[in-house]
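**Q** Dumping the structure here so I can ask a few things about it.
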Amino acid sequence: MKLTLKVWRQAGPQDKGQFETHQLDDISDEMSFLEMLDVLNERLNQQGVEEIAFDHDCREGICGTCSLMINGQPHGPQRGTATCQLHMRKFNDGDTIVIEPWRAKAFPIIRDLVVNRSAFDRIIEAGGYITAPTGSPQDANEILVPKEAADAAMDAAACIGCGACVAACPNGAAQLFTSAKLGHLNLLPQGQPERLKRTEAMVDVMEQYFGSCTNYGECESACPKSISIDFIAQMNRDFASSKLRNRRLQGQR
Amino acid sequence: MSQTTSDRARAARHVEPIKPPKKGKNSVVGFYQTAIGKKYVMAISGIMLLGFVFFHMIGNLKIYLGEDDFNHYAEFLRELLVPIVPRTVVLWLMRGGLVIAFVAHIHSAYTLTVINKKARPVGYQSPRDYQVADYAARTMRYTGIIVGLYLIYHLMQLTWGVGGTEFERGDAYANVVHGLENVPIALVYIVANIALGIHIFHGAWSMFQSLGLNNPRFNSWRKYFAIAFSAIITIGNVSIPIAVMTGIAK
Ligand code: SF4
Ligand code: FES
């Protein structure tokens, strides 16, 4: 395959940055997208040019490290997969591919295609856990969870924290990520004692860094784990309860 | 004092917030200070405005029943709940509620837009930016502004009688007919009402999401509701200038 790549290059956070064009003519359609970039980097390396920096780790769609805006689509044209799971057979011979970093105020560029996603860590620190004594593990099934609730919580827990939802959102909002993390805990019995406190704390931190939701639905279409925006509605509801409800009466229906 | 590696690493990870942290006020005012709270206000004021738009349209369709029915309806609005309360009191209360809803709707929209612009200062260069967001969702700000400007003109013309067309206080039917006989004005009405329809198509779906009204049992109905509601409003409203232009109402 012959390809023309337009890649964003930026030497550091303060640098202005610009697109750089590269021609590749020895790409097999069996390569993954990141392998294609590896080929390019190897060539740049041989020419003594600085390689293109991009994030990656597991290369099997579970770590959430990879993060490219490919032709205006986060994680590329294939729905429900991460960049590392994208193969070159999704492209045609002679294509021009534009590769950009995630763009959001909360995700400053570190270099080239690598952005700093630690604002997500700030949200998790605010309440993305349950306060439970550690020690020897409990017996399995000691706390019973309805099958439907367990499935829904599992859907939310599939979020790998990649940031594609923020990248896709014209408002730079992190609603899908935050609601997935909240949904994961708030749907399970173990998450109930801290449910309102957690929702309030995580949303407050989210709003310090990110924009707000206008219900476009772009995040859902970009998410490599196809997390549903239904979780956002649930978060909105829990957040209103956290602000308006008397916590002493939390158990009241 | 020497900087340790972890200090430097922390500094490298530092991200500048766009907003200072909240001071944990759990009141209605504190709720409105959050972005999600503003979305609730947007949705609730939107529901009030949707209710208004709906009954306004139903009332206006009386134009097809003729002058007497239409003017009788206009008078009825002034007489609501008389003699429990004096004449026009209920009308003024409703107007007051609508003004509050409008101000809240516009204020929350404006402040949220400011936040969103800050959160995404740089766009993408690639041609395709939107994958699923429909035309209505993307143009909310513009259709909202069109509807707002049109509303001012509409009030000037048919409530205050300063819109430059023939106006006689109390004769609502004649005022509408005279106001819409003028083709450019009728076209403005048609365009503005289509913009209104597009605006409420997104709003009527979006409000469920903002209010957290989400349940697999009725989720698929939310879109149908939005389609049906906006279609009914648009057809009903647009039909009136057309009826006047074609002489069905005269
Ligand atoms: S919600 Fe989806 S797109 Fe957003 S961070 Fe999680 S996995 Fe990535
Ligand atoms: S590299 Fe781990 S998800 Fe893509």
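Letters for chains follow the order of the structure tokens (A, B, ...), residue numbers begin at 1 for each chain, and ligand numbers begin at 1 in the order shown.
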Show me which bits of chain A are within 8 Å of chain B, counting only C-alpha atoms, as a compact mmCIF listing (two decimals) with all heavy atoms, in the first residue's frame.

**A**
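File produced: out.txt:
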```
# COMPACT_ATOMS: atom_id res chain seq x y z
N ASN A 71 -7.98 10.92 10.78
CA ASN A 71 -8.95 11.52 9.85
C ASN A 71 -10.18 12.05 10.57
O ASN A 71 -11.31 11.85 10.14
CB ASN A 71 -9.38 10.49 8.79
CG ASN A 71 -8.29 10.24 7.77
OD1 ASN A 71 -7.38 11.05 7.62
ND2 ASN A 71 -8.38 9.12 7.09
N GLY A 72 -9.95 12.71 11.68
CA GLY A 72 -11.07 13.32 12.40
C GLY A 72 -11.91 12.34 13.20
O GLY A 72 -12.97 12.69 13.69
N GLN A 73 -11.46 11.09 13.32
CA GLN A 73 -12.20 10.13 14.13
C GLN A 73 -11.28 9.57 15.21
O GLN A 73 -10.23 9.02 14.91
CB GLN A 73 -12.73 9.00 13.25
CG GLN A 73 -13.89 9.44 12.39
CD GLN A 73 -14.25 8.40 11.37
OE1 GLN A 73 -13.52 8.18 10.42
NE2 GLN A 73 -15.39 7.77 11.57
N VAL A 98 -4.72 11.73 7.99
CA VAL A 98 -4.33 12.84 8.86
C VAL A 98 -4.34 12.34 10.30
O VAL A 98 -5.33 11.79 10.77
CB VAL A 98 -5.30 14.03 8.71
CG1 VAL A 98 -4.84 15.21 9.54
CG2 VAL A 98 -5.44 14.42 7.25
N GLU A 100 -3.76 13.36 14.24
CA GLU A 100 -3.63 14.49 15.18
C GLU A 100 -3.69 13.98 16.61
O GLU A 100 -4.20 12.89 16.86
CB GLU A 100 -4.79 15.48 14.96
CG GLU A 100 -4.81 16.11 13.60
CD GLU A 100 -6.07 16.96 13.40
OE1 GLU A 100 -6.10 18.07 13.93
OE2 GLU A 100 -7.00 16.48 12.73
N ARG A 103 -7.41 16.78 21.30
CA ARG A 103 -7.41 18.22 21.54
C ARG A 103 -8.40 18.56 22.64
O ARG A 103 -9.60 18.32 22.49
CB ARG A 103 -7.84 18.96 20.27
CG ARG A 103 -6.87 18.83 19.12
CD ARG A 103 -5.82 19.87 19.22
NE ARG A 103 -4.95 19.87 18.04
CZ ARG A 103 -3.77 20.44 18.03
NH1 ARG A 103 -3.30 21.04 19.12
NH2 ARG A 103 -3.04 20.43 16.95
N ALA A 104 -7.91 19.08 23.73
CA ALA A 104 -8.78 19.59 24.80
C ALA A 104 -7.89 20.41 25.72
O ALA A 104 -6.69 20.14 25.82
CB ALA A 104 -9.43 18.46 25.59
N LYS A 105 -8.48 21.40 26.37
CA LYS A 105 -7.70 22.21 27.30
C LYS A 105 -7.13 21.32 28.40
O LYS A 105 -6.01 21.51 28.85
CB LYS A 105 -8.61 23.30 27.91
CG LYS A 105 -7.94 24.23 28.89
CD LYS A 105 -7.04 25.18 28.16
CE LYS A 105 -6.16 26.09 29.00
NZ LYS A 105 -6.11 26.01 30.40
N ALA A 106 -7.89 20.32 28.81
CA ALA A 106 -7.48 19.46 29.92
C ALA A 106 -6.41 18.45 29.49
O ALA A 106 -5.84 17.78 30.35
CB ALA A 106 -8.68 18.71 30.49
N PHE A 107 -6.18 18.30 28.19
CA PHE A 107 -5.20 17.33 27.69
C PHE A 107 -4.06 18.07 26.97
O PHE A 107 -3.96 18.00 25.74
CB PHE A 107 -5.85 16.36 26.70
CG PHE A 107 -6.80 15.35 27.29
CD1 PHE A 107 -7.60 14.58 26.46
CD2 PHE A 107 -6.87 15.12 28.66
CE1 PHE A 107 -8.47 13.62 26.98
CE2 PHE A 107 -7.74 14.17 29.19
CZ PHE A 107 -8.54 13.43 28.34
N PRO A 108 -3.20 18.76 27.70
CA PRO A 108 -2.14 19.49 27.00
C PRO A 108 -1.19 18.54 26.27
O PRO A 108 -0.93 17.43 26.74
CB PRO A 108 -1.42 20.25 28.13
CG PRO A 108 -1.87 19.63 29.40
CD PRO A 108 -3.16 18.93 29.15
N ASN A 116 -1.15 14.77 27.80
CA ASN A 116 -1.15 14.52 29.23
C ASN A 116 -2.60 14.31 29.68
O ASN A 116 -3.40 15.25 29.67
CB ASN A 116 -0.53 15.74 29.91
CG ASN A 116 -0.56 15.67 31.41
OD1 ASN A 116 -1.14 14.75 31.98
ND2 ASN A 116 0.06 16.64 32.06
N SER A 118 -3.56 13.34 32.73
CA SER A 118 -3.64 13.15 34.19
C SER A 118 -4.84 13.83 34.82
O SER A 118 -5.14 13.57 35.99
CB SER A 118 -2.34 13.54 34.87
OG SER A 118 -1.90 14.77 34.42
N ALA A 119 -5.56 14.68 34.06
CA ALA A 119 -6.80 15.23 34.63
C ALA A 119 -7.77 14.10 34.95
O ALA A 119 -8.56 14.20 35.89
CB ALA A 119 -7.44 16.23 33.65
N ALA A 168 -13.42 13.49 21.22
CA ALA A 168 -14.51 13.54 20.24
C ALA A 168 -15.47 14.67 20.54
O ALA A 168 -16.15 15.16 19.65
CB ALA A 168 -15.27 12.22 20.23
N PRO A 170 -17.09 18.12 21.03
CA PRO A 170 -16.81 19.51 20.63
C PRO A 170 -16.70 20.44 21.84
O PRO A 170 -16.19 21.55 21.71
CB PRO A 170 -18.02 19.88 19.77
CG PRO A 170 -18.63 18.60 19.36
CD PRO A 170 -18.35 17.63 20.46
N ASN A 171 -17.18 20.00 22.99
CA ASN A 171 -17.10 20.82 24.20
C ASN A 171 -15.97 20.38 25.12
O ASN A 171 -15.85 20.89 26.23
CB ASN A 171 -18.40 20.73 24.99
CG ASN A 171 -19.61 21.03 24.14
OD1 ASN A 171 -19.58 21.96 23.34
ND2 ASN A 171 -20.65 20.23 24.28
N GLY A 172 -15.18 19.41 24.70
CA GLY A 172 -14.12 18.91 25.56
C GLY A 172 -14.66 18.45 26.91
O GLY A 172 -14.07 18.70 27.95
N ALA A 173 -15.79 17.74 26.88
CA ALA A 173 -16.40 17.29 28.13
C ALA A 173 -15.99 15.85 28.43
O ALA A 173 -15.79 15.06 27.53
CB ALA A 173 -17.93 17.38 28.05
N ASP A 204 -17.50 17.35 40.62
CA ASP A 204 -16.89 18.65 40.89
C ASP A 204 -15.49 18.74 40.29
O ASP A 204 -15.13 19.74 39.69
CB ASP A 204 -16.87 18.94 42.40
CG ASP A 204 -18.23 19.43 42.90
OD1 ASP A 204 -19.08 19.76 42.04
OD2 ASP A 204 -18.44 19.47 44.12
N VAL A 205 -14.70 17.69 40.44
CA VAL A 205 -13.35 17.72 39.86
C VAL A 205 -13.43 17.72 38.34
O VAL A 205 -12.72 18.46 37.66
CB VAL A 205 -12.50 16.55 40.39
CG1 VAL A 205 -11.17 16.51 39.67
CG2 VAL A 205 -12.30 16.68 41.89
N GLU A 207 -15.65 19.01 36.50
CA GLU A 207 -16.03 20.34 36.00
C GLU A 207 -14.91 21.36 36.14
O GLU A 207 -14.94 22.40 35.48
CB GLU A 207 -17.32 20.81 36.69
CG GLU A 207 -18.50 19.97 36.26
CD GLU A 207 -19.85 20.51 36.73
OE1 GLU A 207 -19.86 21.47 37.52
OE2 GLU A 207 -20.87 19.94 36.31
N GLN A 208 -13.94 21.06 37.02
CA GLN A 208 -12.81 21.98 37.10
C GLN A 208 -11.93 21.93 35.86
O GLN A 208 -11.25 22.89 35.53
CB GLN A 208 -11.93 21.64 38.30
CG GLN A 208 -12.50 22.06 39.64
CD GLN A 208 -11.76 21.38 40.76
OE1 GLN A 208 -10.54 21.21 40.70
NE2 GLN A 208 -12.48 20.97 41.78
N TYR A 209 -11.94 20.78 35.19
CA TYR A 209 -11.01 20.60 34.06
C TYR A 209 -11.70 20.57 32.69
O TYR A 209 -11.09 20.93 31.69
CB TYR A 209 -10.22 19.31 34.23
CG TYR A 209 -9.24 19.34 35.36
CD1 TYR A 209 -9.58 18.85 36.62
CD2 TYR A 209 -7.97 19.90 35.19
CE1 TYR A 209 -8.68 18.89 37.67
CE2 TYR A 209 -7.07 19.95 36.23
CZ TYR A 209 -7.43 19.44 37.48
OH TYR A 209 -6.54 19.50 38.51
N PHE A 210 -12.93 20.09 32.66
CA PHE A 210 -13.55 19.77 31.37
C PHE A 210 -14.78 20.62 31.08
O PHE A 210 -15.31 21.27 31.97
CB PHE A 210 -13.91 18.28 31.33
CG PHE A 210 -12.72 17.37 31.39
CD1 PHE A 210 -12.27 16.89 32.61
CD2 PHE A 210 -12.03 17.03 30.24
CE1 PHE A 210 -11.15 16.07 32.68
CE2 PHE A 210 -10.92 16.20 30.30
CZ PHE A 210 -10.48 15.72 31.53
N GLY A 211 -15.23 20.55 29.84
CA GLY A 211 -16.41 21.29 29.42
C GLY A 211 -17.68 20.60 29.86
O GLY A 211 -17.65 19.67 30.67
N SER A 212 -18.82 21.04 29.31
CA SER A 212 -20.07 20.45 29.76
C SER A 212 -20.82 19.84 28.58
O SER A 212 -20.61 20.18 27.44
CB SER A 212 -20.90 21.49 30.49
OG SER A 212 -21.90 21.97 29.64
N THR A 214 -23.51 18.71 25.85
CA THR A 214 -24.66 19.24 25.11
C THR A 214 -25.41 18.11 24.41
O THR A 214 -26.15 18.35 23.46
CB THR A 214 -24.24 20.29 24.08
OG1 THR A 214 -23.09 19.81 23.39
CG2 THR A 214 -23.89 21.60 24.72
N ASN A 215 -25.21 16.89 24.88
CA ASN A 215 -25.93 15.73 24.36
C ASN A 215 -25.76 15.54 22.85
O ASN A 215 -26.72 15.26 22.14
CB ASN A 215 -27.42 15.82 24.72
CG ASN A 215 -27.63 15.89 26.22
OD1 ASN A 215 -26.91 15.24 26.98
ND2 ASN A 215 -28.58 16.68 26.65
N TYR A 216 -24.55 15.71 22.37
CA TYR A 216 -24.27 15.43 20.96
C TYR A 216 -24.22 13.92 20.70
O TYR A 216 -24.59 13.45 19.64
CB TYR A 216 -22.90 15.97 20.56
CG TYR A 216 -22.81 17.45 20.34
CD1 TYR A 216 -22.01 18.25 21.14
CD2 TYR A 216 -23.48 18.05 19.29
CE1 TYR A 216 -21.89 19.61 20.91
CE2 TYR A 216 -23.36 19.41 19.06
CZ TYR A 216 -22.56 20.19 19.87
OH TYR A 216 -22.44 21.52 19.64
N GLY A 217 -23.67 13.18 21.66
CA GLY A 217 -23.51 11.74 21.46
C GLY A 217 -22.25 11.36 20.72
O GLY A 217 -22.03 10.19 20.39
N GLU A 218 -21.36 12.33 20.47
CA GLU A 218 -20.11 12.03 19.77
C GLU A 218 -19.24 11.07 20.57
O GLU A 218 -18.55 10.22 20.01
CB GLU A 218 -19.33 13.32 19.53
CG GLU A 218 -19.89 14.18 18.44
CD GLU A 218 -19.74 13.54 17.07
OE1 GLU A 218 -18.60 13.23 16.69
OE2 GLU A 218 -20.75 13.34 16.40
N SER A 221 -20.00 7.37 20.14
CA SER A 221 -19.58 6.79 18.86
C SER A 221 -18.07 6.63 18.79
O SER A 221 -17.56 5.83 18.02
CB SER A 221 -20.08 7.66 17.71
OG SER A 221 -19.21 8.75 17.49
N ASP A 230 -26.24 6.45 28.27
CA ASP A 230 -27.20 6.23 29.36
C ASP A 230 -26.53 6.44 30.72
O ASP A 230 -27.18 6.88 31.67
CB ASP A 230 -27.77 4.81 29.31
CG ASP A 230 -28.67 4.61 28.10
OD1 ASP A 230 -28.96 5.61 27.41
OD2 ASP A 230 -29.05 3.46 27.83
N ILE A 232 -24.42 8.67 31.38
CA ILE A 232 -24.37 10.11 31.65
C ILE A 232 -25.67 10.55 32.31
O ILE A 232 -25.67 11.34 33.27
CB ILE A 232 -24.11 10.91 30.35
CG1 ILE A 232 -22.76 10.51 29.76
CG2 ILE A 232 -24.16 12.40 30.63
CD1 ILE A 232 -22.41 11.23 28.47
N ALA A 233 -26.80 10.03 31.81
CA ALA A 233 -28.09 10.38 32.42
C ALA A 233 -28.11 9.93 33.88
O ALA A 233 -28.58 10.66 34.76
CB ALA A 233 -29.23 9.73 31.64
N GLN A 234 -27.57 8.74 34.11
CA GLN A 234 -27.56 8.25 35.49
C GLN A 234 -26.70 9.14 36.39
O GLN A 234 -27.05 9.43 37.53
CB GLN A 234 -27.03 6.82 35.51
CG GLN A 234 -27.38 6.12 36.81
CD GLN A 234 -26.44 4.99 37.11
OE1 GLN A 234 -25.80 4.44 36.22
NE2 GLN A 234 -26.36 4.65 38.38
N MET A 235 -25.58 9.60 35.84
CA MET A 235 -24.71 10.48 36.62
C MET A 235 -25.44 11.79 36.93
O MET A 235 -25.37 12.30 38.06
CB MET A 235 -23.43 10.77 35.83
CG MET A 235 -22.58 11.87 36.42
SD MET A 235 -21.01 12.04 35.57
CE MET A 235 -21.53 12.95 34.12
N ASN A 236 -26.14 12.35 35.93
CA ASN A 236 -26.88 13.60 36.16
C ASN A 236 -27.86 13.43 37.30
O ASN A 236 -28.02 14.31 38.15
CB ASN A 236 -27.63 14.01 34.89
CG ASN A 236 -26.68 14.46 33.80
OD1 ASN A 236 -25.52 14.73 34.06
ND2 ASN A 236 -27.18 14.52 32.57
N ARG A 237 -28.53 12.29 37.28
CA ARG A 237 -29.53 12.02 38.30
C ARG A 237 -28.90 11.89 39.68
O ARG A 237 -29.35 12.49 40.65
CB ARG A 237 -30.19 10.71 37.90
CG ARG A 237 -31.48 10.42 38.50
CD ARG A 237 -31.87 9.05 37.96
NE ARG A 237 -33.05 8.61 38.59
CZ ARG A 237 -34.17 8.33 37.93
NH1 ARG A 237 -34.20 8.43 36.63
NH2 ARG A 237 -35.23 7.95 38.58
N PHE A 239 -26.10 13.09 40.58
CA PHE A 239 -25.52 14.37 40.99
C PHE A 239 -26.59 15.28 41.59
O PHE A 239 -26.36 15.91 42.62
CB PHE A 239 -24.84 15.06 39.81
CG PHE A 239 -24.13 16.33 40.19
CD1 PHE A 239 -22.98 16.28 40.97
CD2 PHE A 239 -24.61 17.56 39.78
CE1 PHE A 239 -22.33 17.45 41.34
CE2 PHE A 239 -23.97 18.73 40.15
CZ PHE A 239 -22.83 18.67 40.93
N ALA A 240 -27.76 15.31 40.96
CA ALA A 240 -28.85 16.13 41.51
C ALA A 240 -29.21 15.62 42.90
O ALA A 240 -29.38 16.41 43.84
CB ALA A 240 -30.06 16.09 40.59
N LYS A 243 -26.81 16.76 45.54
CA LYS A 243 -26.90 18.17 45.91
C LYS A 243 -28.18 18.46 46.69
O LYS A 243 -28.20 19.36 47.53
CB LYS A 243 -26.89 19.05 44.65
CG LYS A 243 -25.55 19.13 43.96
CD LYS A 243 -24.60 19.98 44.77
CE LYS A 243 -23.27 20.12 44.06
NZ LYS A 243 -22.28 20.78 44.92
N LEU A 244 -29.24 17.74 46.39
CA LEU A 244 -30.55 18.16 46.90
C LEU A 244 -31.12 17.22 47.96
O LEU A 244 -32.07 17.56 48.64
CB LEU A 244 -31.54 18.31 45.74
CG LEU A 244 -31.08 19.24 44.61
CD1 LEU A 244 -32.03 19.19 43.43
CD2 LEU A 244 -30.92 20.68 45.09
```

**Q** Please build the interface table for chain A against ligand 1 with a cut-off of 6 Å, listing for each qualifying residue the nearest atom pair and the distance in Å to one decimal; count only C-alpha atoms and all ligand atoms, order rows by chain and increasing number, and write it as a tab-separated table.

**A**
```
residue	atom	partner	partner_atom_place_in_ligand_line	distance
A:Cys159	CA	ligand 1	6 (Fe)	3.7
A:Ile160	CA	ligand 1	7 (S)	4.3
A:Gly161	CA	ligand 1	5 (S)	3.5
A:Cys162	CA	ligand 1	8 (Fe)	3.9
A:Gly163	CA	ligand 1	5 (S)	4.1
A:Ala164	CA	ligand 1	3 (S)	4.1
A:Cys165	CA	ligand 1	3 (S)	4.0
A:Leu176	CA	ligand 1	1 (S)	4.8
A:Phe177	CA	ligand 1	1 (S)	3.9
A:Cys223	CA	ligand 1	3 (S)	3.6
A:Pro224	CA	ligand 1	7 (S)	5.6
A:Lys225	CA	ligand 1	7 (S)	5.2
A:Ile227	CA	ligand 1	2 (Fe)	5.6
```

**Q** Output the neighbourhood of ligand 2 as a list in words, that is, all protein and nucleic acid residues with some atom at most 6 Å from the ligand, counting only C-alpha atoms and all ligand atoms.

**A** His56, Asp57, Cys58, Arg59, Glu60, Gly61, Ile62, Cys63, Gly64, Thr65, Cys66, Ala82, Thr83 and Cys84 of chain A

**Q** Go ahead and compute the interatomic distance for CA of Ala201 in chain A and CA of Ala157 in chain A, in Å to one decimal.

**A**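 Here the two named atoms are 18.8 Å from each other.
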
**Q** Can you tell me, as an mmCIF file with N, CA, C and O atoms, in the first residue's frame, what residues are no more than 8 Å from Met57 in chain B when counting only C-alpha atoms, ignoring any on the same chain fewer than 4 positions away?

**A**
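See around.cif below for the written result:
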```
data_model
loop_
_atom_site.group_PDB
_atom_site.id
_atom_site.type_symbol
_atom_site.label_atom_id
_atom_site.label_comp_id
_atom_site.auth_asym_id
_atom_site.auth_seq_id
_atom_site.Cartn_x
_atom_site.Cartn_y
_atom_site.Cartn_z
ATOM 1 N N VAL B 53 -45.074 26.898 24.022
ATOM 2 C CA VAL B 53 -45.106 26.819 22.564
ATOM 3 C C VAL B 53 -46.257 25.926 22.111
ATOM 4 O O VAL B 53 -46.970 26.229 21.148
ATOM 5 N N LEU B 61 -54.331 27.888 16.334
ATOM 6 C CA LEU B 61 -55.042 27.142 15.289
ATOM 7 C C LEU B 61 -56.520 27.514 15.232
ATOM 8 O O LEU B 61 -57.199 27.211 14.264
ATOM 9 N N ILE B 233 -45.410 20.965 16.142
ATOM 10 C CA ILE B 233 -45.261 22.406 16.368
ATOM 11 C C ILE B 233 -44.932 23.119 15.059
ATOM 12 O O ILE B 233 -45.511 24.162 14.730
ATOM 13 N N GLY B 236 -47.962 23.060 12.592
ATOM 14 C CA GLY B 236 -49.028 23.930 13.094
ATOM 15 C C GLY B 236 -48.680 25.396 12.923
ATOM 16 O O GLY B 236 -49.475 26.187 12.405
ATOM 17 N N ASN B 237 -47.466 25.779 13.333
ATOM 18 C CA ASN B 237 -47.096 27.190 13.289
ATOM 19 C C ASN B 237 -46.907 27.691 11.870
ATOM 20 O O ASN B 237 -47.328 28.795 11.528
#
```

**Q** Could you pull out the helix (DSSP H, G or I) residues of range 18-96 of chain A from DSSP and send them as a list in words?

**A**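 Assigned to helix (DSSP H, G or I), within range 18-96 of chain A: Phe33, Leu34, Glu35, Met36, Leu37, Asp38, Val39, Leu40, Asn41, Glu42, Arg43, Leu44, Asn45, Gln46, Thr83, Cys84, Gln85, Met88, Arg89 and Lys90 of chain A.
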